[in-house]
Amino acid sequence: MSKNLVIVESPAKAKTIEGYLGKDFIVKSSFGHVRDLPEKELGIDINKNFAPKYTISADKTKVINELKKIAKESETVWLATDDDREGEAISWHLKESLGLKDSTPRIVFREITKKAITNAIENPRTIDMDLVNAQQARRILDRLVGFELSPVLWQKIRTGERTNLSAGRVQSVAVRLIVEREREIDGHNSKSSFKVVAQFLVEKGKVLNAELPKNFETEEQARTFLEKCRNAIFTIKNLEVKPGKKSPAAPFTTSTLQQEASRKLGFSVLQTMTVAQKLYESGKISYMRTDSTNLSGEAIEKAKAQIEAAYGDKYVKVRQYKTKSESAQEAHEAIRPTDFSREKVDGDRNEQRLYDLIWKRSIASQMADAELERTIATIGISTTAEELVATGEVIKFDGFLKVYLESSDDEDEESKGMLPPLTIGQLLDLSEMKATERFSKPAARYTEASLVKKLEEMGIGRPSTYAPTISTIIKRNYVVKEDRPGKERTFREFSLKNNNITEKVGKETYGTEKAKLFPTNIGIVVNDFLVENFDDVIDFSFTANVEKDFDKVADGKVQWQKMIGDFYKDFHHKVEQADNAKATKGARELGVDPRTGKNVSVKIGKFGPYVQLGDNTDEEKPVFASLLKSQLVDNITLEDALALLDMPKLPREVGFYEDKPLVVAVGKFGPYIRHDDKFYNLEKSEDPYLVTEQRAIEIIEAKRNSGDLSQPKDLGIYEGLAVNVGKGRFGFYVKHGDKYYNIDKTIKAAEVDIDQAIEIIKAKKAAESSKIIKEFPENTSIQVLNGQYGPYIKAGKRNVKIPKGTDPASLTLEDCLKLANG
């Protein structure tokens, strides 16, 4: 047995580190947390100063027993969990569970490289109990909130919807932000105005685009302005050239990486953290949970050397960024590559894409400013005092832009192009001037990334909490993340061309949403109840101040039990008072149906929200209709409800195509169209009640043209057996006879022909044969194979593990049968 046992959290991390240490070290994984508060009880003795009762997780008993055994046989145990509060707590729980001494060496590093690991071994410390207590305080406070508040929700919110109601200190604040934004959007009164833009023809066929700096409030004002411009002379009145510069963004923190990966790569917050974790554990990047923008002196020197080698000295500008967050630990570093000379990494496509983003951002942060020249041309109009303005921008020196430019959340951001050559006094030839009706927009709904940005700005949550918070509120069905189609509206446009003014009415789609966060009906009901009865718990400033208290505990300035006690006294009193709180069903009376005189209401039931015509006390049974996907109990009107009651019920026939009926229905896997005994799923954002005959035909044609393989496609014959390509529950496949071969994701399954299918079959068969260690001709159902996790016996459809120390090549058929039969 090795003299030294190093314990980390993940197997991937263990494998990487073991490669850097000598034969005297063995590296094992705890597979994350090993102890926690019990699941089905509070696990906190409030009367004993909030003493926690920790238990070893059921799935970690075997891990702990194995680690105990190896620890007893080792001279030194090294605790090497992550360098943050969560990692410190895992080390402490390991020490307690394994019965290790308080003096057990604790080593920390922010990147997994040979130098970092060696340096950590040479500079060990002991467990930092202040950091442990900060993590304990967070865990205990969140358990108290969830354990005491959730039963109140179960008792007081009686919607009947099948939802496991719960509340959490950070998750409830996140839901509140989304609900309040939705109400802000719903309350927005869109106002129209007219924007004037003009195109001028200049020398050599070039075009100069200009606009009026202000909008007109009415169409009369817009038309009057165009009337003034008839027969006007347009001249360049002034040219202003200003030098400018653009500086690079700081290296990534956790939240800025999540935001930029969302904007540039389309990653969810959880996906970003999962891919970043793989890069960190394989030694490619520094630790991915950080709120520091700081880079070490050594990292800066390596980045500088890479820039000089690739682009030259003039592209270098060394910077040290100061982190805005008060709680950020400057001793930690931003997220960066461990080796700046490595532009590509091994791994899947997403790992390469995220690494590329991190490499470019880190390198750009140490590069020279981009030097710009901004030109503002003022255009005079002979018939009015008002002036048009044209702006342009030219890059004189690209600097860091050679590598990277940060994206923006502003969907309307436009880059300014370069202006054609102009001189003061130059006459301009008007090609066309338009006054187009534009509409004011409400605040944008949150994406995952913009919600993280908002939480960080408010001081709520920390790098380790953003991803689980968003995952929780979506899992609880308080929030949905989805695309939604826009609506159509008309706009007016006046055009001045050849001294004639024409008018037209155009159509545009607005309000299209892509991967946005929407509150659900149950999310709104829970939020409103909490705001009314537990306003301080989900108050933005209160939640931010709690985070600061955790920081004080981590710094050793506040005792964690006192912090919890100060919070719990008022909180528990509120919970006790909640017995008197008014129960809510999330229902609303909408008014009276003018045709029947019956009451119309909206409610949330076991199967979701619905409108009801009539009362249960009426002689006739009430009539019900489900809300559309995009409708909320919170703001549905009487008119909306009556329209729903008049809608045909599902399934419904919407027309005919190819002499076969088109039927829209909802099944186990969501809404679909049935046509000629084939099924075509609707998009998630598509409302089955609104699908028309034309739309159904479009969906069917789109599926056909995209090579939909839900119905297997015959390709031909190979070796006397039929070859098909199709899509199953595990992805796309090629079927040969009764055997299936998965198609790699890099191959477009819809385009696979018989020749490519044969290549796939041959390659898969060759790969399978290379795994074979031993075959038994007298019993073809049993083979000894080499798999991803080592050798095993395949007995029919069963896979049997081979005991450690057994030579798989020496196994006889009798040996295999014994092992297979237990």
# chains A, B, ... in the order shown; residues from 1 in each chain; ligands from 1
>>> residues_around(residues="segment 120-126 of chain A", least_positions_apart="6", cutoff="6 Å", atoms="only C-alpha atoms", output="PDB file with all heavy atoms, in the first residue's frame")
ATOM      1  N   SER A 103      -4.931  17.595  12.976  1.00  0.00           N
ATOM      2  CA  SER A 103      -3.700  18.050  12.310  1.00  0.00           C
ATOM      3  C   SER A 103      -3.524  17.456  10.910  1.00  0.00           C
ATOM      4  O   SER A 103      -2.506  17.677  10.260  1.00  0.00           O
ATOM      5  CB  SER A 103      -2.477  17.678  13.159  1.00  0.00           C
ATOM      6  OG  SER A 103      -2.441  16.263  13.372  1.00  0.00           O
ATOM      7  N   PRO A 105      -3.142  17.019   7.225  1.00  0.00           N
ATOM      8  CA  PRO A 105      -2.799  18.084   6.265  1.00  0.00           C
ATOM      9  C   PRO A 105      -3.890  18.310   5.222  1.00  0.00           C
ATOM     10  O   PRO A 105      -4.420  17.369   4.649  1.00  0.00           O
ATOM     11  CB  PRO A 105      -1.499  17.584   5.623  1.00  0.00           C
ATOM     12  CG  PRO A 105      -1.471  16.118   5.874  1.00  0.00           C
ATOM     13  CD  PRO A 105      -2.190  15.887   7.153  1.00  0.00           C
ATOM     14  N   ARG A 106      -4.195  19.581   5.031  1.00  0.00           N
ATOM     15  CA  ARG A 106      -5.178  20.025   4.025  1.00  0.00           C
ATOM     16  C   ARG A 106      -4.412  20.777   2.949  1.00  0.00           C
ATOM     17  O   ARG A 106      -3.648  21.708   3.256  1.00  0.00           O
ATOM     18  CB  ARG A 106      -6.191  20.936   4.712  1.00  0.00           C
ATOM     19  CG  ARG A 106      -7.030  21.797   3.758  1.00  0.00           C
ATOM     20  CD  ARG A 106      -8.257  21.067   3.273  1.00  0.00           C
ATOM     21  NE  ARG A 106      -9.179  21.977   2.609  1.00  0.00           N
ATOM     22  CZ  ARG A 106      -9.437  21.960   1.300  1.00  0.00           C
ATOM     23  NH1 ARG A 106      -8.809  21.095   0.520  1.00  0.00           N
ATOM     24  NH2 ARG A 106     -10.313  22.791   0.770  1.00  0.00           N
ATOM     25  N   ILE A 107      -4.550  20.341   1.702  1.00  0.00           N
ATOM     26  CA  ILE A 107      -3.839  21.022   0.615  1.00  0.00           C
ATOM     27  C   ILE A 107      -4.851  21.633  -0.353  1.00  0.00           C
ATOM     28  O   ILE A 107      -5.917  21.074  -0.597  1.00  0.00           O
ATOM     29  CB  ILE A 107      -2.878  20.073  -0.136  1.00  0.00           C
ATOM     30  CG1 ILE A 107      -3.614  18.844  -0.699  1.00  0.00           C
ATOM     31  CG2 ILE A 107      -1.744  19.635   0.770  1.00  0.00           C
ATOM     32  CD1 ILE A 107      -2.760  17.970  -1.585  1.00  0.00           C
ATOM     33  N   VAL A 108      -4.511  22.804  -0.889  1.00  0.00           N
ATOM     34  CA  VAL A 108      -5.419  23.497  -1.815  1.00  0.00           C
ATOM     35  C   VAL A 108      -4.661  23.956  -3.055  1.00  0.00           C
ATOM     36  O   VAL A 108      -3.461  24.227  -3.009  1.00  0.00           O
ATOM     37  CB  VAL A 108      -6.091  24.721  -1.146  1.00  0.00           C
ATOM     38  CG1 VAL A 108      -7.020  24.277  -0.045  1.00  0.00           C
ATOM     39  CG2 VAL A 108      -5.056  25.698  -0.605  1.00  0.00           C
TER      40      VAL A 108
END
>>> select_by_dssp(residues="segment 58-249 of chain A", states="helix (DSSP H, G or I)", output="ChimeraX atom specification")
/A:58-73,85-98,114-122,129-156,169-186,203-205,219-228
>>> select_by_dssp(residues="segment 455-613 of chain A", states="strand (DSSP E or B)", output="PyMOL selection string")
chain A and resi 479-484+487-497+500-510+513-519+584+588-592+599-605+608-613
>>> closest_residue(among="A:Ile522, A:Leu405, A:Leu455, A:Ile46", to="Val479 of chain A", atoms="only C-alpha atoms")
A:Ile522
>>> atom_distance(atom1="atom CA of Gly565 of chain A", atom2="atom CA of Ala137 of chain A")
10.5 Å
>>> closest_residue(among="A:Thr596, A:Gln694, A:Asn209, A:Gln577", to="Leu419 of chain A", atoms="only C-alpha atoms")
A:Asn209
>>> closest_residue(among="A:Phe491, A:Tyr355, A:Tyr478, A:Trp78", to="Asp102 of chain A", atoms="only C-alpha atoms")
A:Trp78
>>> atom_distance(atom1="atom CA of Lys603 of chain A", atom2="atom CA of Val525 of chain A")
11.1 Å
>>> atom_distance(atom1="atom CA of Asp738 of chain A", atom2="atom CA of Gly787 of chain A")
22.8 Å
>>> closest_residue(among="A:Lys748, A:Lys797, A:Arg289, A:Lys72", to="Met273 of chain A", atoms="only C-alpha atoms")
A:Arg289
>>> residues_around(residues="segment 179-193 of chain A", least_positions_apart="5", cutoff="12 Å", atoms="only C-alpha atoms", output="mmCIF file with C-alpha atoms, in the first residue's frame")
data_model
loop_
_atom_site.group_PDB
_atom_site.id
_atom_site.type_symbol
_atom_site.label_atom_id
_atom_site.label_comp_id
_atom_site.auth_asym_id
_atom_site.auth_seq_id
_atom_site.Cartn_x
_atom_site.Cartn_y
_atom_site.Cartn_z
ATOM 1 C CA SER A 172 -37.778 32.295 -3.779
ATOM 2 C CA VAL A 173 -36.005 35.596 -4.469
ATOM 3 C CA ALA A 174 -35.164 34.380 -7.985
ATOM 4 C CA LYS A 214 -35.479 62.486 -32.275
ATOM 5 C CA ASN A 215 -38.689 60.553 -32.996
ATOM 6 C CA PHE A 216 -42.038 62.147 -33.802
ATOM 7 C CA GLU A 217 -44.946 61.305 -31.500
ATOM 8 C CA THR A 218 -47.669 61.431 -34.169
ATOM 9 C CA GLU A 219 -48.042 60.567 -37.822
ATOM 10 C CA GLU A 220 -49.088 64.179 -38.494
ATOM 11 C CA GLN A 221 -45.748 65.450 -37.194
ATOM 12 C CA ALA A 222 -43.850 62.827 -39.204
ATOM 13 C CA ALA A 435 -40.714 57.891 -41.358
ATOM 14 C CA THR A 436 -41.500 54.445 -39.885
ATOM 15 C CA GLU A 437 -43.762 53.747 -36.931
ATOM 16 C CA ARG A 438 -41.895 52.135 -34.058
ATOM 17 C CA PHE A 439 -43.213 50.893 -30.725
ATOM 18 C CA SER A 440 -41.744 51.163 -27.236
ATOM 19 C CA LYS A 441 -40.657 47.888 -25.687
ATOM 20 C CA PRO A 442 -41.070 46.626 -22.125
ATOM 21 C CA ALA A 443 -38.095 45.335 -20.143
ATOM 22 C CA ALA A 444 -36.839 42.030 -21.521
ATOM 23 C CA ARG A 445 -37.724 38.774 -19.803
ATOM 24 C CA TYR A 446 -34.841 37.097 -18.034
ATOM 25 C CA THR A 447 -32.679 34.470 -19.641
ATOM 26 C CA LEU A 451 -30.955 36.325 -14.148
ATOM 27 C CA LYS A 454 -29.143 40.395 -11.798
ATOM 28 C CA TYR A 478 -42.331 27.660 -10.516
ATOM 29 C CA VAL A 479 -40.645 28.791 -13.699
ATOM 30 C CA VAL A 480 -40.450 27.410 -17.235
ATOM 31 C CA THR A 490 -49.358 46.488 -38.368
ATOM 32 C CA PHE A 491 -47.224 49.608 -38.627
ATOM 33 C CA ARG A 492 -47.435 52.706 -40.816
ATOM 34 C CA GLU A 493 -44.650 54.076 -42.933
ATOM 35 C CA TYR A 510 -42.946 41.285 -32.275
ATOM 36 C CA GLY A 511 -42.403 39.702 -28.884
ATOM 37 C CA LYS A 516 -36.614 32.935 -21.754
ATOM 38 C CA LEU A 517 -37.788 32.320 -18.169
ATOM 39 C CA PHE A 518 -41.549 32.609 -17.612
ATOM 40 C CA PRO A 519 -43.313 32.278 -14.238
ATOM 41 C CA THR A 520 -45.948 29.545 -14.010
ATOM 42 C CA ASN A 521 -49.327 30.015 -12.378
ATOM 43 C CA ILE A 522 -48.276 28.054 -9.294
ATOM 44 C CA GLY A 523 -45.032 30.037 -9.148
ATOM 45 C CA ILE A 524 -47.012 33.298 -9.043
ATOM 46 C CA VAL A 525 -49.358 32.008 -6.313
ATOM 47 C CA VAL A 526 -46.460 30.846 -4.121
ATOM 48 C CA ASN A 527 -44.571 34.104 -4.694
ATOM 49 C CA ASP A 528 -47.574 36.262 -3.768
ATOM 50 C CA VAL A 531 -44.424 38.320 -0.301
ATOM 51 C CA SER A 630 -49.105 31.378 -22.566
ATOM 52 C CA GLN A 631 -52.008 32.503 -20.330
ATOM 53 C CA LEU A 632 -51.756 33.266 -16.634
ATOM 54 C CA ASP A 634 -52.868 36.462 -12.793
ATOM 55 C CA ASN A 635 -53.979 38.536 -15.796
ATOM 56 C CA ILE A 636 -56.539 36.621 -17.850
#
